[in-house]
Each structure stands twice: as structure tokens, then as C-alpha cells.
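Notes for the one structure printed next.
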Amino acid sequence: MQTIISKKDPLKFYLALAISLVVTFALGTLVLWASIDILSEPNVTPKNYLMPLFALAFYALGVLGFVRFNQNVPKIKIDINSISFDDKKFNLSEVKKVILTGKVPFRFLNNIPKEGTILIFNDETEKVFFDDFYENSAEMKSFLNQVVVKKQEYIPQLPINIDIVTARFGTKEIFKGSQFTSVRGIGIWLAVLFAVYYLISGIDLKIAVTVLIFVTIWFVINSLMMNYFEISERYLIVKNHNYLRKSKVFELSSIKEVVFEMAGKGPNSMRIISNNYDNNLYLDATLSDSMWLKMKLKLESKGIKVRNECI
């Protein structure tokens with residue numbers, strides 16, 4: 001009997017959870033040390049005695065965040081008859097409705113909407129899982145679509161990879177902004193110029209290495225937001241301003257839905273959801289709103305559903 005067990009994403013789940021815990025406990029420890037120093041001095045005011053409470057608040061926030069995060073990302077096990085969320089088991093025959101795409105509030109320290117799947121059972125119980133926190137969310141969604149929604153036998157569907165050479169020929173419409181009119185793009189190259197200036201100015205070797213490491217990390221992270229897009233008769237191609245050899249090709253017929261979204265204060269981004277529910281997110285800090293809307297019309301003219309959540 002086919003059984004699928006969820007796999008939590010090492011970066012988006014474990015690393016995010018660790019960073020959240022480390023940051024809150026580090027802040028709590030700093031406040032605690034500061035309060036010890038202040039309370040050991042003469043002429044302590046009554047309000048100074050509140051500082052240890054702030055430290056405890058940071059610790060409590062860290063623990064609460066850890067618990068809530070784990071509750072939102074349970075271990076999931078699916079077979080032909082049932083689905084389990086941690087230790088709670090439900091019969092698939094009792095599922096009344098499955099919503100496979102769309103935003104769902106991620107109840108952490110605030111209700112940030114994230115792409116997820118909702119199962120509604122006959123007794124109106126709702127269970128949710130979020131795409132980004134599982135390595136195999138596409139596999140779980142495809143299983144639910146085939147077995148629960150379509151009442152079919154489950155057949156695993158492998159992702160389709162198309163080589164860039166196959167798609168580079170033919171007429172393409174390019175949706176590309178300029179790094180040098182983007183705040184993040186300007187920030188990247190100012191940092192690079194800063195590093196070059198200091199490296200050729202004969203500074204101390206330790207400082208030079210520190211600057212180089214910082215600027216390299218800055219360049220790598222911010223360049224992830226420098227994507228742009230090309231649309232041809234058959235393909236949607238994702239390229240990057242700074243990673244010139246990086247590209248991803250999607251056959252238009254394999255795309256179920258495209259989402260324009262924005263996470264927090266980050267740049268606008270495109271989420272590409274394939275017919276087998278594999279999804280990829282590409283950030284673009286260079287495109288203007290008018291260019292995004294123009295690309296929306298182009299994709300819709302190709303018969304692709306576009307969910308606009310940010311423009």
C-alpha cells in the first residue's frame with residue numbers, strides 16, 4: 001500500500017526555527033546581563049527592576065515561537081485510507097473538500113499568509129499544511145488530488161526538466177528591469193565598489209578578509225532577488241541578472257497557476273505552480289508594477305491562471 005511521509009525542509013523549517021530560537025534567546029540574555037549590571041549599581045530606580053522581566057519575556061517569546069512553529073508544521077502521513085497530522089488520524093473518506101492552492105494564515109507570532117493546502121472534513125474540522133516547509137509537499141498534494149479529489153489510483157508524477165538550450169530559440173518577450181534603478185540592485189553594487197576600494201587601499205589583511213566575506217554574502221543573498229522572465233510561444237524562462245549561467249525553463253502547458261506575491265517587506269515575486277503541484281518562488285526586485293501587470297496579461301493570453309496578490 002502506497003504511503004507518503006512528510007519531509008520537513010532543512011532550510012525553511014529547521015534553519016528558520018533555529019534562527020528564531022537563537023535570536024530571541026540571545027536578546028533575552030543581553031537584556032539579562034544588562035539588568036544584572038544596572039541592579040548591582042547604587043541608586044537603582046524602581047523601573048530598573050523591570051528589566052529582568054523583559055529578559056524573561058524574550059525567553060517566553062522564543063519558547064512560544066518554537067511551540068507554535070512546530071504546531072504549524074506537523075509530521076504528515078498519508079495512505080490510501082487515511083491522513084495523519086502528528087498523532088491525529090483522519091479517514092480520507094470523511095474529507096468533504098480539498099483546497100490545493102491558495103494562501104492560508106500561518107499562525108506564528110502573527111498570521112502571515114503562506115501558500116498551503118486545506119482539508120475540510122464532514123464534521124467541519126479543517127487541517128492545513130504549508131507548501132514551503134515540506135520538501136515533498138508537491139507529492140502530498142498530487143496524492144490528494146488523484147486519490148481524494150479525482151477518485152483515481154495514485155501514480156507518482158516526476159518533475160519535468162527542460163534544458164535551456166531547447167528553449168532559447170524562437171521569439172521571446174522579455175520582462176526585465178534594471179538593477180541600477182532598484183534599491184536592492186544599487187545596494188549590491190555600492191557594496192561591491194566599497195569592497196574594491198578598501199581592498200586596493202592597502203588595509204589590514206584581517207579587515208580586508210572581513211570586508212570580502214561580508215560583501216560576498218551580501219552579493220549572494222541580494223542577487224537571489226535579481227531574477228527576470230522571458231515568455232515564448234511554448235516556454236516561461238526564469239533568468240538572473242547576476243547569476244548569468246542560472247536559468248530555469250517551464251513549459252507553459254505544464255503550469256497550473258502563477259502567483260504574484262510578496263512576503264513581508266520583500267520584493268514582488270512569482271510563484272510557479274506546476275500541474276503536479278511542484279512550486280518554485282522567484283523574487284524580482286527590478287520589475288515595475290506596470291511590467292508585472294503586462295506580464296500578467298501575457299501569461300493569461302497563454303491560458304495560464306494568474307493570481308495577483310501584491311500589485
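Following the order of the C-alpha cells, first chain is A, next is B, and so on, with residues numbered from 1 inside each chain and ligands from 1 in the order they appear.
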
| field | Selection: 7 Å around range 278-282 of chain A, only C-alpha atoms, excl. self and same-chain fewer than 5 positions, as a list in words | value | Ala138, Asn227, Ser269, Met270, Arg271, Ile272 and Ile273 of chain A

| Within 12 Å of Lys88 in chain A using only C-alpha atoms, minus same-chain residues under 5 positions, as a ChimeraX atom specification | /A:74-78,82-83,125,127

Output file for the selection above: C-alpha atoms, as a PDB file, in the first residue's frame:
ATOM      1  CA  PRO A  74       3.244  18.669  11.874  1.00  0.00           C
ATOM      2  CA  LYS A  75       4.509  15.328  10.682  1.00  0.00           C
ATOM      3  CA  ILE A  76       2.108  14.120   7.996  1.00  0.00           C
ATOM      4  CA  LYS A  77       1.491  10.553   6.917  1.00  0.00           C
ATOM      5  CA  ILE A  78      -0.862   9.695   4.039  1.00  0.00           C
ATOM      6  CA  SER A  82      -6.176   7.942   5.952  1.00  0.00           C
ATOM      7  CA  ILE A  83      -4.100  11.019   6.694  1.00  0.00           C
ATOM      8  CA  THR A 125     -12.752  20.115  11.012  1.00  0.00           C
ATOM      9  CA  LYS A 127      -6.475  20.645   8.692  1.00  0.00           C
TER      10      LYS A 127
END

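Distance check against Ile155 in chain A using only C-alpha atoms: of A:Lys176, A:Asp9, A:Asn276, A:Leu299, the minimum falls on A:Asn276.
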
| query | Between CA of Thr101 in chain A and CA of Tyr277 in chain A, what is the distance, to one decimal in Å? | reply | 8.5 Å

| message | I'd like the contact shell of range 237-251 of chain A - 10 Å cut-off, only C-alpha atoms, skipping same-chain residues fewer than 6 positions apart - returned as a ChimeraX atom specification. | response | /A:160-168,172,174-179,185,219-220,222-231,270,272,274,280,282-284,286

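A straight line drawn from CA of Ile188 in chain A to CA of Trp218 in chain A is 7.0 Å long.
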
| Residue list (alpha helix (DSSP H), DSSP) for range 59-151 of chain A, as a PyMOL selection string | chain A and resi 59-72+137-144

| field | Option closest in space to Val148 in chain A, from A:Phe106, A:Val209, A:Ser182, A:Ile80 [counting only C-alpha atoms] | value | A:Ile80
